[in-house]
Every structure is written in structure tokens, then in C-alpha cells.
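Quick notes on the structure that follows.
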Amino acid sequence: MNQKRLFVEVILPLALPRYFTYEVPENLLHKIQIGIRVEVPFGKNKLYAALIAGTHHELPKGYEVKSIVSIIDDLPIITLEQLKFWDWIASYYCCTLGEVMIAALPISLRLSSETTVVLSSNYNGETEGLDDKEYILAEALTIQSELTIEEVRGILQQKTVFPLIKRLLDKGVLYLKEELKVKYKPKSITCIRFTKKFENQESLSEAFEITNKSSKQQDVILSLVQSDRNLPFIKKQDILKSTNVDASVIAALIKKGIVELYDRTISRLGTYEDDIADFDELSSIQLNAKTEIYAAFQNNKTVLLHGVTGSGKTNIYVDIIKETIAKGKQVLYLLPEIALTTQIVARLQKVFGNDILVYHSKLNNSERVEIWYQSMQGKPIILGARSALFLPFKDLDLIIVDEEHDGSFKQDDTNPKYQGRDCAIYLANQFGANVILGSATPSVESYYHAKTKKYELVNLFERYSGIKMPEIFLVDIKKEFAHKDKSVILSDFLIGEIKKAIESNEQVILFQNRRGFAPNLICNLCEWVASCPHCDVTLTYHKYFNHLRCHYCNYQIQMPKECPSCKNKQLITKGFGTEKIEDELSIYFPNIPISRMDLDTVRAKGAHSKIIKDFEENRTSILVGTQMVTKGLDFENVSIVGILGADQLLYFPDFRAIERSFQIMVQAAGRSGRRNKRGKVIIQAIQSKHPVFQDIIDNNYLEFYKREIAERQQFLYPPFVRLIQITLKHKNLDIVNQASTYFANHLKSYLKERVKGPAEPGISKIRDYYIRDILIKIEKNGQINQKTKSLIQEISTELFKQKGMSQFKISINVDP
């Protein structure tokens with residue numbers, strides 16, 4: 001009997017706008033499942049690992065359908081919910097399914113003809129468990145350090161190699177070359193055990209007899225016997241430590257055939273081995289807030305928890321998480337970025353132990369794959385940055401979006417340019433899960449949605465244990481200029497308060513939203529300014545490296561000894577960054593330990609954690625930093641927070657500048673006085689009369705919100721309209737002007753006054769590309785939205801067809 005021909009719709013890991021259809025050969029029909037990867041030909045002599053998104057029996061018309069080459073997976077690696085989620089992201093954020101796939105899948109789950117495989121440094125030539133072809137490939141890699149997929153095909157004399165490579169990846173025999181860039185090595189430990197002859201109780205007397213002349217050897221035997229037999233393994237290091245002997249004693253026991261050493265590969269993710277402890281018991285105010293959250297869930301699946309800094313929002317989250325996982329459900333806990341996770345992970349692990357996994361972009365690819373599969377199997381708690389949204393969940397019941405206002409939830413660099421908070425709400429809706437959005441300074445959009453009942457609102461306006469909100473002082477730095485010869489970085493008032501804090505063995509945090517020593521190097525004779533030749537920005541001076549650096553393209557030059565224009569040797573720096581603040585502090589407080597936390601100091605692995613740990617354990621008295629020091633960190637001994645150059649934050653060319661300034665300053669202020677006493681916050685500003693400063697001093701979010709929402713309504717900005725920003729880039733200025741005008745005019749023919757621009761942005765050139773922006777303001781109407789997005793795609797396609805436009809770059813940012 002003839003079977004109907006079966007076709008599959010697949011997603012390729014390429015920036016392509018649609019599914020592609022392939023036929024399933026008869027011998028593979030029984031293995032086809034939605035969510036598995038298949039090897040498919042695409043383009044000229046290239047093979048890719050594509051994901052099956054659907055099946056059907058309709059023969060496509062107008063072209064010859066190719067067949068899939070092989071099946072890579074026995075079981076699906078993504079779920080149906082994920083496929084729906086990917087579809088929505090591609091549609092809403094104007095990108096392709098292939099781009100969503102690339103963002104979502106760890107590199108190890110993406111294969112193509114261009115992939116290179118490399119032998120693992122841990123492979124010792126062991127052939128057990130390898131079939132003939134696996135052994136041939138392993139042997140080939142011992143001779144030639146790396147092989148392309150095409151070379152593998154030639155060695156094995158077969159076209160289908162992806163399934164075989166997957167098996168060797170799983171067995172730890174080889175790695176993809178991309179993984180070696182992060183220098184990943186499976187974690188293994190040396191363990192000790194009795195040999196088979198001495199592993200039972202009866203033969204131990206013989207072991208003691210053999211070692212009767214060495215008390216140290218007998219100590220080792222005794223320690224092994226007394227070790228908990230329920231332990232899955234005993235570390236060699238633990239035995240050496242408990243018996244206080246050196247490795248030669250164990251070597252003697254090995255020689256006598258009593259014990260043996262072996263390597264045990266443990267999870268790359270590590271395990272939590274300390275004691276489990278409860279969080280602080282909820283206060284009556286926190287209990288009320290928790291009750292309100294549960295009541296709110298009856299009316300709406302999304303709740304905004306507006307709690308002041310230090311109110312104990314995390315304690316409430318922990319209680320709700322406990323109750324959720326007790327029902328056998330999963331929880332996703334989202335944080336804006338990895339900088340926040342160090343402290344919170346440690347705190348949550350004390351409560352949940354190994355029930356929690358951390359997922360973020362800093363993990364190497366093999367770690368990401370391991371978490372991927374554990375999440376799919378139902379790991380109770382996943383804590384991560386926005387990329388954790390792409391994990392496969394089994395039974396998701398709660399998503400917590402902590403610091404929901406934070407701009408880091410928005411992906412701005414590459415497609416998909418998604419907003420993590422909004423995607424979390426959509427994903428939760430797919431699972432019927434609840435969402436808690438938590439913040440001391442909610443985004444204007446979220447608070448508006450809560451006030452208009454799209455979300456429910458729960459307030460928490462008291463700090464835990466009744467600690468008062470910090471006392472806030474505003475220093476007008478212009479008055480300091482008046483009686484000093486040079487510009488002021490640290491006011492007399494701030495220096496005095498730092499001195500008092502140090503004398504009381506308390507700690508200080510100073511925040512400045514700019515790294516480096518100084519943002520400008522200027523010739524005071526001819527007014528030459530050091531600028532980047534590739535970007536429309538000045539070069540920042542970094543004193544430690546004695547060079548000037550562009551923070552956009554990383555162009556660097558050594559500090560010039562004279563002005564290149566007039567040869568004047570008196571060059572001066574203007575402005576200040578975190579490095580200069582650290583430098584100035586060392587003059588006022590020469591014997592006080594000072595740390596700096598910014599992008600320059602946290603690049604090395606573990607550097608961020610070390611800075612935080614040193615400050616937590618009072619090995620550092622003053623911490624200077626950029627936004628990293630404002631986000632969710634909890635230090636109980638901080639009594640002073642200084643915010644320097646505060647009004648610089650207010651004047652960015654962005655409709656959210658005031659909102660972000662308010663949020664950053666309130667969050668920074670919240671690091672002060674979180675435990676035993678009321679803290680102080682000193683804000684230094686030049687434009688000290690700006691109303692936002694009074695809102696911060698009064699801790700008056702509502703006053704700030706009323707003013708901000710009125711301006712948004714008047715000038716038509718979110719939440720009253722939806723924005724789409726189109727950015728056009730080209731290395732030729734005339735072409736970018738011509739193309740942006742063409743694009744804007746075509747948009748205006750349909751969208752009329754909703755289209756603004758083209759306009760030259762504040763930074764009009766980056767990495768040699770000239771930039772023009774077009775902004776579309778559209779009503780929140782699904783039909784208009786979709787028509788607009790289709791129109792943008794059509795104009796983009798037409799533009800690329802025109803002569804000289806093929807090198808154009810177009811970026812579409814929905815909800816920028």
C-alpha cells in the first residue's frame with residue numbers, strides 16, 4: 001500500500017523570513033517529530049541542522065522539493081509552546097524565525113557545514129562505548145587537531161554525519177570549535193575508593209594487617225571506612241584533609257592494591273553543598289502584600305509589586321516560589337543582567353539548594369545545553385537574564401520579573417530586539433502562569449497599565465524591620481566652583497560625610513554613570529579635541545592604561561604628548577569618570593581600601609564576584625562604580641551613598657531620560673542604610689532646581705509619575721502610542737541621506753503624520769557607518785500595527801534592489 005508523501009516545515013538557523021519545506025524519505029518516516037533537528041541541504045552544497053516546526057502531505061508547487069538527509073535527535077529539543085513563542089517574537093519584533101532560533105538555541109544545538117570539530121582535551125583514547133565510525137573520527141582528530149564537517153564526511157565516506165557528531169558531543173569526545181573560544185573544559189575531580197578486593201567489610205582486617213607498620217596509611221583506611229557510605233563518591237582531597245597526610249601515603253596504598261583513584265566528571269553547573277536555611281520570616285506588612293498578590297491573581301495574571309528599596313520584595317518572592325514548587329510547578333525568576341545574580345543566587349541557594357539553576361549569556365555552551373535539558377525535564381527554579389525566556393519549560397506556573405523597570409531587559413544590539421518583561425507576560429499567558437513585576441521605581445508604562453487595570457497593583461511602602469528611608473541631601477556643585485580654583489568632583493560636604501562613615505567603620509558607595517578617567521582630552525591653546533576617527537564621539541582617557549579609547553568601537557591610541565594640531569604640550573582633561581573619582585579618593589583617604597566596579601574592572605572571570613565579596617566582608621571601605629552598583633545589591637554596612645554628576649543623566653536625547661534618571665538615582669540611594677540605621681544620600685548636581693531632584697528627596701514616585709505621564713500624553717509617547725524606530729546605516733553619507741529620505745517618504749504616503757524624520761541622531765556615525773533614524777508613532781491597534789510592519793518589510797526589500805544599496809544596513813526596533 002502506498003503511503004502519502006510526508007513533508008516537513010523547518011526553521012533554518014539563518015536570517016530567512018519563512019519556513020522551508022522538505023520531503024521525508026520513506027526510511028525516516030517513523031522518526032519524524034515536531035521539535036527535533038534534521039539535517040537538510042540548503043544553498044550550494046551546504047547542510048544545516050534545521051528544526052521541524054510542522055508536517056503535512058501537500059506537495060509544494062512551483063519548485064522541486066529536496067529531501068532531508070538525516071535525523072539528528074531521537075527526542076524533541078524544543079516544545080510546541082516554544083515554537084508558538086518564537087512565532088510571536090518574529091512577528092511582533094519584525095525579525096525572522098531564523099534569527100529567533102539563533103538567539104534561542106545554544107551553539108551546541110546548532111550545526112552547519114561550516115562547523116569545525118575539535119578533539120576534547122579530556123579524551124584519553126578510550127575506545128569503550130564507541131562504535132567503529134565514532135572511533136575512526138576520534139582517531140582522525142588525534143592526528144589532525146580540528147576538522148570541518150566536509151572533512152569528516154570525506155574521512156567517513158558518508159554524507160550524513162550530524163547524528164554521529166551529536167553522539168560524540170554527548171560522550172565528551174569532541175567539541176565544536178565555537179566552544180573552545182570560551183576555553184570550556186568538563187569539570188572533573190579525583191576520587192578515592194577501595195579496590196574490589198577490599199571493598200567489603202570482611203577483607204578490611206587484611207588491609208589493616210598489610211599496613212600495620214604505617215599508622216598514616218591506617219588512618220586513611222579508617223577515614224574511608226568512616227566516610228558516609230551514602231555518598232556517591234569520596235574526594236581524594238577530603239581524605240588528605242581529614243587525615244592530615246600527604247599524597248605519598250595514598251600512593252603507597254595504591255601500590256599495595258588497597259585503594260584506587262579515579263576521575264569523576266561532575267555537573268558543570270556545580271552543586272550546592274552548604275546547609276539549607278530559611279529566609280527571614282515575613283513581617284506583617286510583607287504577609288499582607290503576599291495575601292494581596294494572591295488575591296490579585298484571581299482577577300489578573302499579572303501583578304505589579306511596587307515596593308520601596310529595602311522593603312523585602314525578595315522575601316515575598318521566596319515564599320511564593322516555595323508554595324509554587326511545592327505543587328510540582330516551575331518558576332522562572334528574571335533579573336535584568338548577570339551583574340545582579342551574584343548576591344541573589346547565593347541568597348536563593350541557601351533556601352532552595354540544588355532546586356535552582358542560573359542561566360545567562362556568560363555560561364559556556366555546554367553549560368547552557370545542560371540547563372536547557374534540565375529545564376525541559378522540569379527543574380523547579382530557573383534564575384536568569386532575559387535569554388532564560390527561550391528555555392524549554394515543562395510546567396511553568398510563575399514568572400518573577402525583578403527590577404522590571406530596568407532597560408537591560410530590552411535587547412537593542414541584534415535581532416530579535418525583544419523586551420524581556422513584555423515577552424515574559426506573553427510566555428506566561430501561553431502557560432496560564434502568573435507574573436509578578438517587581439520594582440521600587442516601576443516603568444511609567446507598567447504603572448500606567450496597573451492604574452488602568454491591565455495589571456493589578458500591590459504596594460509595599462515600608463522598609464523591612466522599620467528601617468527609615470535614607471536622608472537625602474542635594475549639593476549645588478556650582479557653589480563649590482565659586483570658591484575653588486578647579487572643577488569639583490567631591491564636595492566638601494560629601495568628603496566630610498565619607499570621613500565620618502569611615503571613622504564609624506561604615507562603608508560608602510559612590511555612583512557615577514561614566515567609566516574611565518576623563519571623557520575629553522583638549523588642547524587649551526587651539527581647542528583641538530581627541531575624537532574617534534570611526535565614530536562621532538570623543539575618546540575617553542584611561543589613566544591606568546595611559547591611553548585614549550572609544551567606548552563605541554574600541555579604537556585606542558596612546559596618550560599623546562602634544563597636540564597633533566598646534567604641537568602645544570599642555571593638554572588638559574575635562575569631565576570625570578569612575579577612574580578619576582577613585583584617584584581623587586586616594587588623595588583624601590590614602591590608607592583606606594577602595595574598589596572600583598565598572599566594565600573595565602569586571603572583565604576578568606570572577607572579578608565581579610570578588611569585588612562584591614570583598615565589599616560584603618568589609619575588606620573594602622569605599623566602592624566606586626557605574627550602574628552596576630545601583631542594581632539590587634544589598635550591603636548591610638553602607639551608610640553613605642554619593643551620586644556624582646547627577647544632572648548629566650537628565651539630558652540624554654531620549655524621551656525616557658527623566659524616567660531613567662529618577663530610577664537610577666532612587667535605586668542608588670536605596671543601597672544606603674538597609675539594616676541597622678538610617679543612611680544618608682548625597683546628590684551632587686549643577687542644575688539642582690530640576691523638579692526630579694525634589695521627587696527623589698521626598699521619595700515621591702507618584703508626583704514624578706503624574707508629571708511624566710502628562711508629558712507623554714501631550715507629546716504622544718508610550719504608553720499612549722506604540723513606537724517603531726527604523727535605523728539606516730551606510731558608509732557613504734550621501735547614500736544614507738538618499739535612502740533614509742526614500743524610506744521616510746514611502747512610509748509617509750501611507751502613515752502620514754505618524755512618521756517623524758529622517759533625523760540625525762546624537763551620535764551620527766559609529767564604526768564608519770553614518771546613521772539616520774526614522775520614528776513611527778502608531779495607535780495601539782493590531783491591524784494598523786501589522787500593516788505597518790508589512791509595509792516596512794516591503795520598503796526594505798525594494799530599497800535593497802536599488803543600485804548601490806546592497807551594502808545598506810537596516811535595523812527595525814519595535815518598542816525602543
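Starting from 1 in every chain, residues are counted up; chains themselves are A, B, ... following the order of the C-alpha cells, and ligands are numbered from 1 as listed.
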
Excluding range 658-672 of chain A and any residue of its chain fewer than 3 positions from it, enumerate the residues within 9 Å of it, using only C-alpha atoms, and give them as a ChimeraX atom specification. /A:308-310,405-407,440-444,469-470,472,508-511,627,629-643,646-652,654-655,675,678-683,692-693,695-696,699,701,704-705,708

Produce a file of the selected residues containing C-alpha atoms, as a PDB file, in the first residue's frame.
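Generated output (selection22.pdb):
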```
ATOM      1  CA  VAL A 308      10.425  50.709  48.125  1.00  0.00           C
ATOM      2  CA  THR A 309      14.113  49.758  48.247  1.00  0.00           C
ATOM      3  CA  GLY A 310      14.824  47.585  51.282  1.00  0.00           C
ATOM      4  CA  HIS A 405      11.856  48.863  35.009  1.00  0.00           C
ATOM      5  CA  ASP A 406      15.456  48.149  34.051  1.00  0.00           C
ATOM      6  CA  GLY A 407      16.499  48.990  30.478  1.00  0.00           C
ATOM      7  CA  ALA A 440      10.917  50.256  43.686  1.00  0.00           C
ATOM      8  CA  THR A 441      10.677  52.520  40.633  1.00  0.00           C
ATOM      9  CA  PRO A 442       8.223  50.938  38.164  1.00  0.00           C
ATOM     10  CA  SER A 443       8.457  51.854  34.496  1.00  0.00           C
ATOM     11  CA  VAL A 444       5.941  54.521  33.512  1.00  0.00           C
ATOM     12  CA  MET A 469      14.303  55.560  54.179  1.00  0.00           C
ATOM     13  CA  PRO A 470      17.657  57.329  53.772  1.00  0.00           C
ATOM     14  CA  ILE A 472      18.769  62.750  51.070  1.00  0.00           C
ATOM     15  CA  VAL A 508      30.466  54.172  51.299  1.00  0.00           C
ATOM     16  CA  ILE A 509      29.215  53.736  47.713  1.00  0.00           C
ATOM     17  CA  LEU A 510      29.874  56.425  45.095  1.00  0.00           C
ATOM     18  CA  PHE A 511      27.988  56.289  41.792  1.00  0.00           C
ATOM     19  CA  GLN A 627      25.167  51.494  37.191  1.00  0.00           C
ATOM     20  CA  VAL A 629      26.466  49.431  41.985  1.00  0.00           C
ATOM     21  CA  THR A 630      22.844  50.610  41.795  1.00  0.00           C
ATOM     22  CA  LYS A 631      21.191  47.339  40.849  1.00  0.00           C
ATOM     23  CA  GLY A 632      19.741  45.135  43.550  1.00  0.00           C
ATOM     24  CA  LEU A 633      22.880  44.779  45.677  1.00  0.00           C
ATOM     25  CA  ASP A 634      22.365  44.568  49.428  1.00  0.00           C
ATOM     26  CA  PHE A 635      25.194  45.646  51.745  1.00  0.00           C
ATOM     27  CA  GLU A 636      24.207  45.968  55.387  1.00  0.00           C
ATOM     28  CA  ASN A 637      27.088  48.258  56.448  1.00  0.00           C
ATOM     29  CA  VAL A 638      26.656  51.028  53.847  1.00  0.00           C
ATOM     30  CA  SER A 639      25.705  54.320  55.498  1.00  0.00           C
ATOM     31  CA  ILE A 640      26.630  56.818  52.746  1.00  0.00           C
ATOM     32  CA  VAL A 641      25.776  56.825  49.035  1.00  0.00           C
ATOM     33  CA  GLY A 642      27.101  59.621  46.848  1.00  0.00           C
ATOM     34  CA  ILE A 643      25.630  60.322  43.383  1.00  0.00           C
ATOM     35  CA  ALA A 646      23.605  63.636  38.734  1.00  0.00           C
ATOM     36  CA  ASP A 647      22.193  66.074  36.188  1.00  0.00           C
ATOM     37  CA  GLN A 648      24.263  64.556  33.359  1.00  0.00           C
ATOM     38  CA  LEU A 649      21.704  61.738  33.369  1.00  0.00           C
ATOM     39  CA  LEU A 650      18.827  64.123  32.653  1.00  0.00           C
ATOM     40  CA  TYR A 651      19.880  65.448  29.258  1.00  0.00           C
ATOM     41  CA  PHE A 652      20.205  62.401  27.022  1.00  0.00           C
ATOM     42  CA  ASP A 654      15.655  60.175  24.766  1.00  0.00           C
ATOM     43  CA  PHE A 655      12.045  60.565  25.909  1.00  0.00           C
ATOM     44  CA  ARG A 675      19.931  47.202  58.069  1.00  0.00           C
ATOM     45  CA  ARG A 678      19.177  55.305  58.690  1.00  0.00           C
ATOM     46  CA  GLY A 679      21.537  56.039  55.814  1.00  0.00           C
ATOM     47  CA  LYS A 680      22.427  59.230  54.004  1.00  0.00           C
ATOM     48  CA  VAL A 681      22.455  60.019  50.288  1.00  0.00           C
ATOM     49  CA  ILE A 682      24.337  62.994  48.850  1.00  0.00           C
ATOM     50  CA  ILE A 683      23.357  64.039  45.323  1.00  0.00           C
ATOM     51  CA  VAL A 692      13.050  65.378  39.586  1.00  0.00           C
ATOM     52  CA  PHE A 693      15.523  66.036  42.415  1.00  0.00           C
ATOM     53  CA  ASP A 695      10.777  63.930  43.871  1.00  0.00           C
ATOM     54  CA  ILE A 696      13.842  61.875  44.835  1.00  0.00           C
ATOM     55  CA  ASN A 699      10.719  59.677  47.736  1.00  0.00           C
ATOM     56  CA  TYR A 701       7.135  58.309  42.902  1.00  0.00           C
ATOM     57  CA  PHE A 704       7.149  62.015  39.341  1.00  0.00           C
ATOM     58  CA  TYR A 705       4.678  59.688  37.563  1.00  0.00           C
ATOM     59  CA  GLU A 708       5.839  62.254  33.349  1.00  0.00           C
TER      60      GLU A 708
END
```

Who sits within 6 Å of Ile436 in chain A, only C-alpha atoms, same chain under 4 positions skipped, as a PyMOL selection string: chain A and resi 303-304+400

Using only C-alpha atoms, can you tell me which of A:Glu480, A:Glu146, A:Asp734, A:Asp402 comes closest to Tyr317 in chain A?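 Looking at the shortest contact to Tyr317 in chain A, the residue is A:Asp402.
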
Distance query Leu460 in chain A at most 7 Å, only C-alpha atoms, self and fewer than 5 positions along chain excluded, as an NGL selection string: :A and (289 or 306-308 or 311)

Hey, what's within 10 Å of Phe297 in chain A if we count only C-alpha atoms and toss same-chain stuff fewer than 3 positions away? As a PyMOL selection string, please? chain A and resi 292-294+300-303+433-436+455-456

Export, as a tab-separated table (two decimals), in the first residue's frame, the selected residues with C-alpha atoms.
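And here is the file that came out, again-v3.tsv:
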```tsv
chain	number	residue	atom	x	y	z
A	292	GLU	CA	-2.87	40.90	48.22
A	293	ILE	CA	-0.77	39.34	45.43
A	294	TYR	CA	-2.68	36.04	45.67
A	300	ASN	CA	-5.46	39.22	36.67
A	301	LYS	CA	-2.49	37.01	35.93
A	302	THR	CA	-0.05	39.97	36.03
A	303	VAL	CA	0.66	41.87	39.26
A	433	ALA	CA	1.10	31.19	34.56
A	434	ASN	CA	1.12	34.14	36.96
A	435	VAL	CA	3.54	37.07	36.63
A	436	ILE	CA	4.95	39.34	39.34
A	455	TYR	CA	-2.29	44.73	35.62
A	456	GLU	CA	-3.12	44.57	39.32
```

Name all residues at most 10 Å from range 73-82 of chain A (count only C-alpha atoms; drop same-chain ones fewer than 2 positions away) and give them as a ChimeraX atom specification. /A:31-38,51-54,70-71,84-88,104-105,109,162-163,166-167,372-373,376,389-394,427,430-431

Residue contacts of Phe194 in chain A (7 Å, only C-alpha atoms) excluding same-chain residues fewer than 3 positions away, as a CSV table (one decimal) with C-alpha atoms, in the first residue's frame:
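Saved result, result_19.csv, follows:
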```csv
chain,number,residue,atom,x,y,z
A,198,PHE,CA,38.9,-4.7,49.8
A,199,GLU,CA,35.5,-3.1,49.3
A,258,ILE,CA,44.2,-1.5,48.7
A,259,VAL,CA,42.8,1.7,47.2
A,260,GLU,CA,42.5,3.3,43.7
```

Pick out the closest residue to Ile795 in chain A from this set: A:Val475, A:Leu363, A:Val358, A:Ile810. Count only C-alpha atoms.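 Closest residue, counting only C-alpha atoms: A:Ile810.
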
Residue set, range 108-241 of chain A restricted to alpha helix (DSSP H), as an MDAnalysis selection string: chainID A and resid 132:143 149:156 162:170 177:180 204:210 215:226 236:241

What is the CA of Ser811 in chain A to CA of Gln725 in chain A distance in Å?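 We find that CA of Ser811 in chain A and CA of Gln725 in chain A lie 8.0 Å from each other.
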
A:Phe493, A:Asn745, A:Gly172, A:Thr127 ranked by distance to Phe473 in chain A, top pick (using only C-alpha atoms):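 Among the listed residues, the smallest separation from Phe473 in chain A belongs to A:Phe493.
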